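Asks: Input structure: query_9.txt, which contains compact mmCIF, C-alpha atoms.
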```txt
# COMPACT_ATOMS: atom_id res chain seq x y z
CA MET A 1 17.24 0.71 -32.38
CA PRO A 2 16.74 1.67 -28.72
CA PRO A 3 13.16 1.50 -27.38
CA THR A 4 10.99 4.55 -27.90
CA PHE A 5 9.77 4.56 -24.30
CA ASP A 6 11.54 4.09 -21.03
CA LEU A 7 8.33 3.02 -19.34
CA LEU A 8 4.94 1.60 -20.27
CA VAL A 9 2.36 1.91 -17.49
CA VAL A 10 -0.71 -0.33 -17.62
CA GLY A 11 -3.75 0.16 -15.45
CA ASP A 12 -6.19 2.66 -13.99
CA VAL A 13 -6.77 6.35 -14.64
CA ASN A 14 -9.61 8.44 -13.23
CA PRO A 15 -10.34 11.80 -11.69
CA ASP A 16 -9.88 12.02 -7.92
CA VAL A 17 -12.21 14.26 -5.97
CA VAL A 18 -10.16 14.89 -2.83
CA VAL A 19 -11.83 16.53 0.19
CA GLY A 20 -10.85 17.06 3.79
CA PRO A 21 -9.44 16.79 6.25
CA LEU A 22 -12.48 15.81 8.27
CA THR A 23 -11.86 16.52 11.96
CA GLY A 24 -14.80 14.54 13.37
CA PRO A 25 -16.93 11.54 12.45
CA LEU A 26 -18.53 11.40 9.01
CA ALA A 27 -22.18 12.34 9.48
CA PHE A 28 -24.98 10.81 7.44
CA GLY A 29 -28.64 11.84 7.78
CA GLN A 30 -28.25 14.51 5.08
CA ARG A 31 -25.92 16.55 7.29
CA GLU A 32 -23.58 18.95 5.52
CA GLN A 33 -20.05 19.15 6.90
CA LEU A 34 -17.44 21.73 5.94
CA VAL A 35 -13.80 20.87 5.20
CA SER A 36 -10.87 23.12 4.40
CA THR A 37 -9.92 21.67 1.03
CA GLY A 38 -11.61 20.28 -2.06
CA LEU A 39 -9.78 19.37 -5.24
CA LEU A 40 -10.50 17.76 -8.60
CA THR A 41 -7.29 16.19 -9.87
CA LEU A 42 -5.85 13.29 -11.82
CA GLY A 43 -6.05 9.98 -9.98
CA GLY A 44 -5.60 6.26 -10.39
CA SER A 45 -2.54 4.45 -9.09
CA ALA A 46 -1.16 3.71 -12.55
CA ALA A 47 -1.79 7.26 -13.80
CA ILE A 48 -0.13 8.91 -10.80
CA MET A 49 2.87 6.62 -11.18
CA ALA A 50 3.11 7.46 -14.89
CA CYS A 51 3.05 11.19 -14.16
CA GLY A 52 5.66 10.82 -11.44
CA ALA A 53 7.96 8.95 -13.80
CA ALA A 54 7.51 11.57 -16.52
CA ARG A 55 8.28 14.30 -13.98
CA LEU A 56 11.53 12.44 -13.21
CA GLY A 57 12.49 12.61 -16.88
CA LEU A 58 11.38 9.24 -18.26
CA LYS A 59 9.63 8.84 -21.60
CA VAL A 60 6.33 7.27 -20.56
CA ALA A 61 3.41 5.66 -22.42
CA PHE A 62 0.10 4.69 -20.83
CA ALA A 63 -2.24 1.83 -21.77
CA GLY A 64 -5.73 1.38 -20.35
CA ARG A 65 -9.40 2.03 -20.94
CA ILE A 66 -11.67 5.02 -20.31
CA GLY A 67 -15.21 5.97 -21.28
CA ALA A 68 -16.14 8.16 -24.25
CA ASP A 69 -17.23 10.92 -21.88
CA ASP A 70 -16.14 14.22 -20.36
CA THR A 71 -14.42 12.38 -17.53
CA GLY A 72 -12.33 10.42 -19.99
CA ALA A 73 -11.44 13.56 -21.91
CA TYR A 74 -10.32 15.18 -18.65
CA VAL A 75 -7.94 12.40 -17.67
CA ARG A 76 -6.53 12.04 -21.19
CA ALA A 77 -5.72 15.75 -21.27
CA ALA A 78 -4.29 15.64 -17.75
CA LEU A 79 -1.93 12.78 -18.64
CA ALA A 80 -0.82 14.45 -21.85
CA ALA A 81 -0.21 17.76 -20.04
CA ARG A 82 2.21 15.93 -17.75
CA GLY A 83 4.16 14.45 -20.65
CA VAL A 84 2.59 10.98 -20.80
CA ASP A 85 1.84 9.47 -24.22
CA THR A 86 -1.86 8.47 -24.37
CA HIS A 87 -2.16 6.90 -27.82
CA ALA A 88 -2.85 3.51 -26.20
CA LEU A 89 -5.56 4.87 -23.86
CA ARG A 90 -8.66 3.39 -25.47
CA GLU A 91 -12.25 4.62 -25.27
CA ASP A 92 -15.13 2.29 -24.39
CA PRO A 93 -18.38 3.51 -25.98
CA GLY A 94 -20.59 1.59 -23.57
CA LEU A 95 -19.13 2.21 -20.11
CA PRO A 96 -18.34 5.36 -18.14
CA SER A 97 -14.86 6.36 -17.04
CA PRO A 98 -13.97 5.50 -13.44
CA LEU A 99 -14.31 8.09 -10.70
CA THR A 100 -12.84 8.14 -7.17
CA ALA A 101 -13.73 10.22 -4.13
CA VAL A 102 -11.06 10.50 -1.43
CA LEU A 103 -12.07 11.68 2.03
CA ASN A 104 -9.14 12.63 4.24
CA ARG A 105 -9.42 12.47 8.03
CA ALA A 106 -7.20 14.48 10.37
CA ALA A 107 -5.01 12.60 12.84
CA GLY A 108 -6.66 11.95 16.19
CA PRO A 109 -5.03 12.16 19.62
CA GLY A 110 -2.00 9.88 19.82
CA GLU A 111 -2.04 9.04 16.09
CA ARG A 112 1.08 9.45 13.96
CA GLY A 113 -0.87 10.55 10.91
CA GLY A 114 -4.31 10.91 9.46
CA ASP A 115 -6.27 8.41 7.41
CA ARG A 116 -8.47 8.39 4.35
CA ALA A 117 -11.49 6.62 2.91
CA ILE A 118 -11.58 5.89 -0.81
CA LEU A 119 -14.78 5.35 -2.78
CA THR A 120 -14.43 4.25 -6.42
CA ALA A 121 -17.05 3.82 -9.12
CA PRO A 122 -15.12 1.41 -11.38
CA GLY A 123 -16.70 2.17 -14.75
CA THR A 124 -14.39 0.75 -17.43
CA LEU A 125 -11.92 -0.84 -14.99
CA ALA A 126 -13.53 -4.29 -14.85
CA ALA A 127 -13.76 -4.35 -18.66
CA THR A 128 -10.07 -3.60 -19.21
CA THR A 129 -8.29 -6.60 -20.74
CA GLY A 130 -4.89 -7.64 -22.01
CA ASP A 131 -6.04 -6.66 -25.50
CA ASP A 132 -5.98 -3.03 -24.34
CA VAL A 133 -2.17 -3.24 -24.19
CA PRO A 134 -0.71 -3.01 -27.72
CA ALA A 135 1.88 -5.67 -28.48
CA ALA A 136 3.99 -3.04 -30.24
CA LEU A 137 4.37 -1.11 -26.98
CA LEU A 138 5.46 -4.20 -25.09
CA ALA A 139 8.28 -4.50 -27.61
CA ASP A 140 9.19 -0.81 -27.53
CA CYS A 141 9.88 -0.01 -23.88
CA ARG A 142 12.54 -0.65 -21.26
CA HIS A 143 10.15 -1.38 -18.40
CA VAL A 144 6.46 -2.28 -17.90
CA HIS A 145 4.62 -1.33 -14.71
CA ALA A 146 1.10 -2.47 -13.78
CA ALA A 147 -1.07 -1.20 -10.92
CA SER A 148 -4.47 -1.74 -9.27
CA TYR A 149 -4.36 -5.47 -9.96
CA PHE A 150 -7.55 -6.26 -8.02
CA LEU A 151 -9.67 -3.57 -9.68
CA MET A 152 -9.13 -5.04 -13.16
CA PRO A 153 -9.59 -8.83 -12.99
CA LYS A 154 -9.49 -9.38 -16.76
CA LEU A 155 -6.26 -7.45 -17.08
CA ALA A 156 -4.88 -9.26 -14.03
CA ALA A 157 -5.53 -12.61 -15.68
CA ALA A 158 -3.58 -11.49 -18.75
CA LEU A 159 -0.71 -9.98 -16.78
CA PRO A 160 1.55 -13.05 -16.72
CA ASP A 161 1.48 -13.26 -20.52
CA LEU A 162 1.97 -9.50 -20.90
CA PHE A 163 4.96 -9.50 -18.57
CA ARG A 164 6.40 -12.60 -20.20
CA THR A 165 6.15 -10.93 -23.61
CA ALA A 166 7.77 -7.73 -22.35
CA ARG A 167 10.62 -9.64 -20.74
CA GLY A 168 11.11 -11.54 -23.96
CA HIS A 169 11.83 -8.19 -25.61
CA GLY A 170 14.35 -7.31 -22.90
CA ALA A 171 12.14 -5.17 -20.63
CA THR A 172 11.89 -5.43 -16.87
CA THR A 173 8.56 -5.50 -15.05
CA SER A 174 6.94 -4.26 -11.84
CA LEU A 175 3.60 -4.62 -10.11
CA ASP A 176 1.83 -2.61 -7.42
CA THR A 177 -1.29 -4.61 -6.58
CA ASN A 178 -2.80 -1.91 -4.34
CA ASP A 179 -5.65 -2.90 -2.05
CA ASP A 180 -8.14 -5.69 -2.70
CA PRO A 181 -11.63 -4.31 -1.96
CA GLU A 182 -12.96 -7.87 -1.62
CA GLY A 183 -10.17 -9.02 0.69
CA ARG A 184 -9.40 -12.20 -1.29
CA TRP A 185 -5.86 -11.30 -2.44
CA ASP A 186 -6.02 -13.89 -5.29
CA PRO A 187 -3.18 -16.26 -4.33
CA ALA A 188 -3.63 -18.40 -7.46
CA GLY A 189 -3.47 -15.47 -9.86
CA LEU A 190 -0.49 -13.92 -8.13
CA ALA A 191 1.32 -17.25 -8.13
CA ALA A 192 1.27 -17.02 -11.93
CA ALA A 193 2.24 -13.34 -12.07
CA LEU A 194 5.03 -13.08 -9.50
CA PRO A 195 7.58 -15.33 -11.27
CA VAL A 196 7.56 -12.91 -14.24
CA THR A 197 7.53 -9.78 -12.05
CA ASP A 198 10.95 -8.26 -11.42
CA TYR A 199 9.78 -5.84 -8.70
CA LEU A 200 6.73 -6.15 -6.45
CA LEU A 201 5.85 -2.81 -4.81
CA PRO A 202 3.24 -3.19 -2.03
CA ASN A 203 2.77 -1.09 1.06
CA ALA A 204 3.20 -2.72 4.45
CA GLN A 205 -0.46 -3.63 4.89
CA GLU A 206 -0.63 -5.12 1.39
CA ALA A 207 2.59 -7.08 1.86
CA ARG A 208 1.19 -8.73 4.98
CA ALA A 209 -2.10 -9.55 3.24
CA LEU A 210 -0.41 -10.89 0.11
CA SER A 211 1.96 -13.12 2.08
CA GLY A 212 -0.16 -14.12 5.07
CA ALA A 213 2.72 -13.18 7.39
CA ALA A 214 2.15 -10.65 10.18
CA ASP A 215 5.82 -9.74 10.53
CA LEU A 216 6.77 -7.32 7.76
CA GLU A 217 10.28 -8.62 7.16
CA ARG A 218 8.98 -12.19 6.94
CA ALA A 219 6.24 -11.03 4.60
CA ALA A 220 8.79 -9.45 2.28
CA ALA A 221 10.99 -12.54 2.38
CA ALA A 222 8.06 -14.86 1.63
CA LEU A 223 6.98 -12.81 -1.37
CA ALA A 224 10.57 -12.54 -2.63
CA GLY A 225 10.74 -16.33 -2.50
CA GLN A 226 8.17 -16.38 -5.32
CA GLY A 227 10.45 -14.53 -7.72
CA PRO A 228 10.41 -10.73 -7.51
CA THR A 229 12.54 -8.31 -5.57
CA VAL A 230 10.02 -7.03 -3.02
CA VAL A 231 10.03 -3.30 -2.21
CA VAL A 232 7.73 -2.33 0.65
CA LYS A 233 6.48 1.16 1.49
CA ASP A 234 6.27 1.55 5.26
CA GLY A 235 5.06 5.13 5.76
CA ALA A 236 6.84 7.08 8.47
CA ASP A 237 9.14 4.10 9.02
CA GLY A 238 10.59 4.44 5.51
CA ALA A 239 10.84 1.46 3.20
CA LEU A 240 12.49 -1.91 2.89
CA ALA A 241 13.53 -4.23 0.09
CA HIS A 242 14.17 -7.97 -0.03
CA ASP A 243 15.85 -9.55 -3.05
CA GLY A 244 15.37 -13.14 -1.92
CA THR A 245 18.67 -13.19 -0.05
CA ALA A 246 19.20 -9.97 1.87
CA LEU A 247 17.07 -7.31 3.52
CA LEU A 248 17.70 -3.61 3.08
CA ARG A 249 16.04 -0.67 4.82
CA THR A 250 15.96 3.06 4.18
CA PRO A 251 14.51 5.74 6.49
CA ALA A 252 11.70 8.09 5.58
CA VAL A 253 12.45 11.59 4.31
CA PRO A 254 11.10 14.03 6.91
CA VAL A 255 8.29 16.21 5.56
CA THR A 256 5.13 17.81 6.90
CA PRO A 257 2.53 16.23 4.64
CA LEU A 258 -0.51 18.07 3.35
CA ASP A 259 -1.98 15.03 1.57
CA THR A 260 -0.69 11.48 1.24
CA VAL A 261 -2.90 10.53 -1.73
CA GLY A 262 -0.69 8.95 -4.39
CA ALA A 263 2.47 8.95 -2.29
CA GLY A 264 2.96 5.24 -2.84
CA ASP A 265 2.57 5.69 -6.59
CA SER A 266 5.19 8.45 -6.61
CA PHE A 267 7.39 6.08 -4.61
CA ASP A 268 6.93 3.48 -7.36
CA ALA A 269 7.91 6.04 -10.00
CA GLY A 270 11.07 6.92 -8.09
CA PHE A 271 12.06 3.31 -7.65
CA VAL A 272 11.60 2.41 -11.31
CA ALA A 273 13.40 5.57 -12.43
CA GLY A 274 16.27 4.77 -10.11
CA MET A 275 16.65 1.21 -11.33
CA LEU A 276 16.47 2.30 -14.98
CA ALA A 277 19.16 4.89 -14.26
CA GLY A 278 21.43 2.10 -13.05
CA LEU A 279 21.34 2.93 -9.34
CA PRO A 280 22.04 0.04 -6.98
CA LEU A 281 19.07 -1.31 -5.05
CA GLU A 282 19.84 0.81 -1.98
CA GLY A 283 20.07 3.97 -4.10
CA ALA A 284 16.80 3.28 -5.90
CA LEU A 285 15.12 2.57 -2.56
CA ALA A 286 16.30 5.87 -1.10
CA LEU A 287 15.24 7.75 -4.24
CA ALA A 288 11.81 6.13 -4.08
CA ALA A 289 11.37 7.10 -0.43
CA ALA A 290 12.26 10.68 -1.33
CA CYS A 291 9.75 10.75 -4.21
CA GLY A 292 6.97 9.41 -2.01
CA ALA A 293 7.64 11.89 0.76
CA LEU A 294 8.06 14.95 -1.45
CA SER A 295 4.81 14.20 -3.27
CA THR A 296 2.85 14.86 -0.07
CA ARG A 297 3.70 18.59 -0.08
CA ALA A 298 0.53 19.45 -2.04
CA TYR A 299 -3.02 18.17 -2.28
CA GLY A 300 -3.69 15.45 -4.85
CA GLY A 301 -1.36 12.81 -6.23
CA THR A 302 0.55 14.80 -8.86
CA GLY A 303 0.79 18.40 -7.66
CA ALA A 304 4.10 18.08 -5.80
CA GLN A 305 5.82 15.20 -7.57
CA PRO A 306 9.56 15.98 -7.59
CA THR A 307 12.01 16.35 -10.42
CA TRP A 308 15.00 14.04 -10.63
CA ASP A 309 17.31 16.65 -9.09
CA GLU A 310 14.90 17.34 -6.22
CA ALA A 311 14.47 13.66 -5.44
CA LEU A 312 18.17 12.91 -5.71
CA ALA A 313 19.05 15.76 -3.36
CA ALA A 314 16.52 14.56 -0.78
CA SER A 315 17.62 10.94 -1.08
CA ARG A 316 21.27 11.83 -0.44
CA THR A 317 20.32 13.15 2.98
CA THR A 318 18.81 9.78 3.89
CA ALA A 319 21.18 7.32 2.23
CA PRO A 320 20.81 3.84 3.76
CA ASP A 321 23.31 2.93 6.44
CA PRO A 322 25.50 0.12 5.05
CA GLY A 323 25.08 -1.61 8.37
CA GLN A 324 21.37 -1.95 7.68
CA ASN A 325 22.04 -4.17 4.65
CA HIS A 326 21.65 -7.52 6.31
CA GLY A 327 23.88 -10.12 4.77
CA GLU A 328 21.78 -13.06 5.83
CA SER A 329 18.50 -14.47 4.64
CA THR A 330 15.42 -13.45 6.57
```
Let's see the structure in the file written out as structure tokens.
Replies:
Amino acid sequence: MPPTFDLLVVGDVNPDVVVGPLTGPLAFGQREQLVSTGLLTLGGSAAIMACGAARLGLKVAFAGRIGADDTGAYVRAALAARGVDTHALREDPGLPSPLTAVLNRAAGPGERGGDRAILTAPGTLAATTGDDVPAALLADCRHVHAASYFLMPKLAAALPDLFRTARGHGATTSLDTNDDPEGRWDPAGLAAALPVTDYLLPNAQEARALSGAADLERAAAALAGQGPTVVVKDGADGALAHDGTALLRTPAVPVTPLDTVGAGDSFDAGFVAGMLAGLPLEGALALAAACGALSTRAYGGTGAQPTWDEALAASRTTAPDPGQNHGEST
């Protein structure tokens, strides 16, 4: 029997309160500042990726932990409304659901884009463990994706075994670590996880921090040397991939972004969907870049996630130049 789900996503889900853009410094001292936009929407790197994949047509299940509170009920309903199966989203009776506030800042003079500050109250995240991922789901999906590695240390410790089990059932695996708020980057834990990770999906800043290499291409090559194909999101400069032998680049899809929250997670969804559809690495990379760019057309992480046809059409206009596929090791 074929697997029930194309994709199992493991990790964080929370509401995002997105406000901004702020055009000047953030003022404390009980000052009230007005911004043009405020939005309550579904957040969490894993949740946004799951919704993006469902929007692209994949059958998606989600595993994680929330509180038995109104916040948890909100995110469960938001996932389900976007076509994500939530039967494995467990409730913790003793801890609150996570909550994130995202403050966008407008681009200053000479800057290529704006920036954002992210404040997260972790709630159930630190209590999430490998036991929150049902073994039956690991055996009933084509691919397993994990996100927000550093926000869930107990789940991170279990990730090598979870990925090993999934691969034993024939699934592929991917990991987006996201940022490490403590700046430690856990080299020992990642050394155990990366050999059973098929695709590592950092952004440029994370790739440099994870590898210790300042040069982005060297960072990707160093991480690929530990096992996974490394796919790096590089903002307005597009994206690159290193499979341990060759480097491939794709340009960014030109858009005028309203909000970049969750763009990297939509990128992840596009990449996984492309690989599961049988696209070659360069095609999946271009599709991912299109998904990330198109998702910035609305505020919040899920409001403008593209369909498969939309993403494919955008990716065809930015297909990688064959001459950019370097045939030598980097």
Asks: Calculate how many Å separate atom CA of Arg184 of chain A from atom CA of Leu216 of chain A, rounding to one decimal.
Replies: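 About the pair atom CA of Arg184 of chain A and atom CA of Leu216 of chain A: they are 19.2 Å apart.
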Asks: Please work out which residues fall within 9 Å of (7.8, -1.8, 3.2), coordinates as given in the file, with all atoms listed in the file counting, and return them as a list of chain:residue names.
Replies: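 Taken together, the residues in range are A:Leu201, A:Pro202, A:Asn203, A:Ala204, A:Gln205, A:Ala207, A:Leu216, A:Glu217, A:Ala220, A:Val230, A:Val231, A:Val232, A:Lys233, A:Asp234, A:Gly235, A:Asp237, A:Gly238, A:Ala239, A:Leu240, A:Ala241, A:Arg249.
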Asks: Calculated over all atoms listed in the file, which of the candidates A:Leu258, A:Ala136, A:Val253, A:Ala126 has the smallest distance to Leu285 of chain A?
Replies: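 Ranking A:Leu258, A:Ala136, A:Val253, A:Ala126 by distance to Leu285 of chain A, first place goes to A:Val253.
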Asks: Figure out the distance between atom CA of Ala289 of chain A and atom CA of Leu312 of chain A, please, to one decimal in Å.
Replies: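 Those two atoms sit 10.4 Å apart.
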Asks: Assuming 4 Å of padding per side, give the centre and edge lengths of the axis-aligned box around every listed atom of segment 149-159 of chain A, in Å to one decimal and as JSON.
Replies:
```
{"center_x": -5.2, "center_y": -8.1, "center_z": -13.4, "size_x": 17.0, "size_y": 17.0, "size_z": 18.7}
```
Asks: Find the residues around segment 13-17 of chain A up to 7 Å (all atoms listed in the file counted), leave out those fewer than 2 positions away in its own chain, and share them as a list in words.
Replies: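 Selected residues are Gly11, Val19, Leu39, Leu40, Thr41, Leu42, Gly43, Gly44, Ala46, Ala47, Val75, Ser97, Pro98, Leu99, Thr100, Ala101 and Val102 of chain A.
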Asks: Can you work out which one of A:Ala157, A:Leu22, A:Ala117, A:Val9 has the shortest atom-to-atom distance to Val60 of chain A, counting only C-alpha atoms?
Replies: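 Of all the options, A:Val9 lies closest to Val60 of chain A.
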Asks: Nearest to Leu89 of chain A among A:Leu119, A:Leu8, A:Ala221, A:Leu34, with distances taken over all atoms listed in the file: which residue is it?
Replies: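 Checking each of A:Leu119, A:Leu8, A:Ala221, A:Leu34 against Leu89 of chain A, counting all atoms listed in the file, the winner is A:Leu8.
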Asks: Compare A:Gly130, A:Gly225, A:Pro109, A:Gly292 by their minimum atom-to-atom distance to Thr165 of chain A, counting all atoms listed in the file, and give me the closest one.
Replies: A:Gly130
Asks: Tell me, in Å to one decimal, how far atom CA of Leu56 of chain A is from atom CA of Asp198 of chain A.
Replies: 20.8 Å
Asks: Nearest to Gly283 of chain A among A:Gly123, A:Gly170, A:Val261, A:Ser315, with distances taken over all atoms listed in the file: which residue is it?
Replies: A:Ser315
Asks: Please write as a count of residues only the list of polymer residues whose atoms come within 7 Å of (1.2, -11.4, -2.6), counting all atoms listed in the file and keeping to the coordinates of the file.
Replies: 7
Asks: Would you mind telling me which residue in A:Gly83, A:Pro280, A:Gly227, A:Gly212 lies nearest to Ala50 of chain A when using only C-alpha atoms?
Replies: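 Selected residue with least distance to Ala50 of chain A: A:Gly83.
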Asks: Mind checking which residues fall within 12 Å of Ala313 of chain A, counting all atoms listed in the file, ignoring those fewer than 6 positions away in the same chain, and posting them as a ChimeraX atom specification?
Replies: /A:253,283,286-287,289-291,294,306-307,319
Asks: Env of Leu159 of chain A: 10 Å cut, atoms = only C-alpha atoms, seq-sep filter 6 positions within chain, self excluded. Answer as a ChimeraX atom specification.
Replies: /A:10,129-130,146,149,153,165,175,189-190,192-194,196-197
Asks: Do you know which residues are at most 8 Å from Ser266 of chain A counting all atoms listed in the file, after dropping those on the same chain fewer than 5 positions away, and could you put them as a ChimeraX atom specification?
Replies: /A:48-49,52-53,288,291-292,295,301,305
Asks: Can you list, as a PyMOL selection string, every protein, DNA or RNA residue that comes within 10 Å of Leu26 of chain A when you count all atoms listed in the file, leaving out same-chain residues fewer than 5 positions away?
Replies: chain A and resi 31-33+103+105
Asks: Could you save the residues just selected, with C-alpha atoms, as a PDB file, in the coordinates of the input?
Replies:
```pdb
ATOM      1  CA  ARG A  31     -25.920  16.550   7.290  1.00  0.00           C
ATOM      2  CA  GLU A  32     -23.580  18.950   5.520  1.00  0.00           C
ATOM      3  CA  GLN A  33     -20.050  19.150   6.900  1.00  0.00           C
ATOM      4  CA  LEU A 103     -12.070  11.680   2.030  1.00  0.00           C
ATOM      5  CA  ARG A 105      -9.420  12.470   8.030  1.00  0.00           C
TER       6      ARG A 105
END
```
